[in-house]
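Working notes for the structure below.
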Amino acid sequence: MNYVNVMGATKLKRALVEDVVDFCISELMPRMRTLEIEVNIKNLKNEGVAGWCYEGENNRDFYIDVDKNLENLTGGELIETVCHEMVHVWQSATRKMKDLPFGRKMYMGKVYDETTAYEDEPWEIEAYAMQGDLLKKFEEEYANV
């Protein structure tokens, strides 16, 4: 059984983020049952990011940080950011993307290093392409909840 732990922010935001994580697991990885995902909703304003995801000790253990200042309803920024980071969880859990030593990553069998511009990283291109559809499906499914 998958384990999801959400920390920080308000009880309402934590519940929303947990629902989004569970939804993304069911959409992207419905057969996976051994994921451990810890989400920390915290102030990332000084980091210049809305969120990030990193793998723990193996490809079933993940940590996600999301900015607590993101709007959760107007524009769905919080939901969309969690969807984006969950695409990265999917990429790593399915070994589509692997972290390598010295800041390198392997994506679909090709190695990329830190000289690759953020906007050219294929795993980011894919996450941005998928986050909108996940947001829309989530909002449709949970609209009447």
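Letters A, B, ... mark the chains of the structure tokens in the order given; residue numbers begin at 1 per chain; ligand numbers begin at 1, in order shown.
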So that I can check the secondary structure, give me every residue of stretch 5-132 of chain A assigned alpha helix (DSSP H) by backbone DSSP, as number ranges by chain.
A: 11-28, 77-93, 122-132
Just C-alpha atoms for this one: save the residues we selected as a compact mmCIF listing (two decimals), in the first residue's frame.
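Result file follows (selection.txt):
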```
# COMPACT_ATOMS: atom_id res chain seq x y z
CA LYS A 11 -5.28 21.16 7.60
CA LEU A 12 -7.39 22.08 4.55
CA LYS A 13 -4.33 22.55 2.31
CA ARG A 14 -2.77 19.32 3.56
CA ALA A 15 -5.98 17.42 2.75
CA LEU A 16 -6.14 18.98 -0.72
CA VAL A 17 -2.50 18.11 -1.45
CA GLU A 18 -3.02 14.54 -0.24
CA ASP A 19 -6.05 14.22 -2.55
CA VAL A 20 -3.98 15.51 -5.49
CA VAL A 21 -1.12 13.08 -4.76
CA ASP A 22 -3.55 10.14 -4.47
CA PHE A 23 -5.27 11.22 -7.70
CA CYS A 24 -1.96 11.45 -9.58
CA ILE A 25 -0.90 8.03 -8.35
CA SER A 26 -4.19 6.56 -9.60
CA GLU A 27 -3.81 8.33 -12.97
CA LEU A 28 -0.09 7.80 -13.59
CA GLU A 77 -1.52 26.91 -8.77
CA LEU A 78 -1.01 24.60 -5.81
CA ILE A 79 -2.82 21.71 -7.46
CA GLU A 80 -0.97 22.19 -10.75
CA THR A 81 2.40 22.36 -8.98
CA VAL A 82 1.69 19.12 -7.12
CA CYS A 83 0.63 17.52 -10.43
CA HIS A 84 3.89 18.70 -12.02
CA GLU A 85 5.98 17.22 -9.20
CA MET A 86 3.99 13.98 -9.33
CA VAL A 87 4.94 13.64 -13.00
CA HIS A 88 8.55 13.66 -11.78
CA VAL A 89 7.67 10.96 -9.25
CA TRP A 90 6.19 8.90 -12.10
CA GLN A 91 9.26 9.50 -14.28
CA SER A 92 11.59 8.28 -11.53
CA ALA A 93 9.41 5.44 -10.22
CA PRO A 122 13.06 16.79 -21.53
CA TRP A 123 11.70 15.66 -18.15
CA GLU A 124 10.60 19.26 -17.47
CA ILE A 125 9.08 19.61 -20.93
CA GLU A 126 7.10 16.43 -20.30
CA ALA A 127 6.01 17.53 -16.79
CA TYR A 128 4.78 20.90 -18.08
CA ALA A 129 2.95 19.16 -20.92
CA MET A 130 1.17 16.77 -18.53
CA GLN A 131 0.40 19.03 -15.56
CA GLY A 132 -2.47 20.87 -17.24
```
When you look at A:Leu44 with a cut-off of 10 Å (counting only C-alpha atoms), what residues show up, excluding the ones that are within fewer than 4 positions of it in the same chain? I need them as number ranges by chain.
A: 48-52, 65-70
Residues from last step as file, C-alpha atoms, as a PDB file, in the first residue's frame:
```
ATOM      1  CA  GLY A  48      12.534  31.065  -6.727  1.00  0.00           C
ATOM      2  CA  VAL A  49      10.543  27.875  -7.344  1.00  0.00           C
ATOM      3  CA  ALA A  50       6.948  26.751  -6.880  1.00  0.00           C
ATOM      4  CA  GLY A  51       8.072  23.255  -5.950  1.00  0.00           C
ATOM      5  CA  TRP A  52      10.547  20.476  -6.450  1.00  0.00           C
ATOM      6  CA  ASP A  65       8.357  20.514  -1.415  1.00  0.00           C
ATOM      7  CA  VAL A  66       5.665  22.964  -2.578  1.00  0.00           C
ATOM      8  CA  ASP A  67       5.388  26.652  -1.835  1.00  0.00           C
ATOM      9  CA  LYS A  68       2.808  27.397   0.843  1.00  0.00           C
ATOM     10  CA  ASN A  69       2.078  30.761  -0.813  1.00  0.00           C
ATOM     11  CA  LEU A  70       0.536  29.211  -3.929  1.00  0.00           C
TER      12      LEU A  70
END
```
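Residue-level DSSP output for stretch 43-123 of chain A, from the backbone, shows strand (DSSP E or B) at A:Gly51, A:Trp52, A:Cys53, A:Tyr54, A:Glu55, A:Asp61, A:Phe62, A:Tyr63, A:Ile64, A:Asp65, A:Val66, A:Asp67, A:Met97, A:Lys98, A:Asp99, A:Lys105, A:Met106, A:Tyr107, A:Lys110, A:Val111, A:Tyr112.
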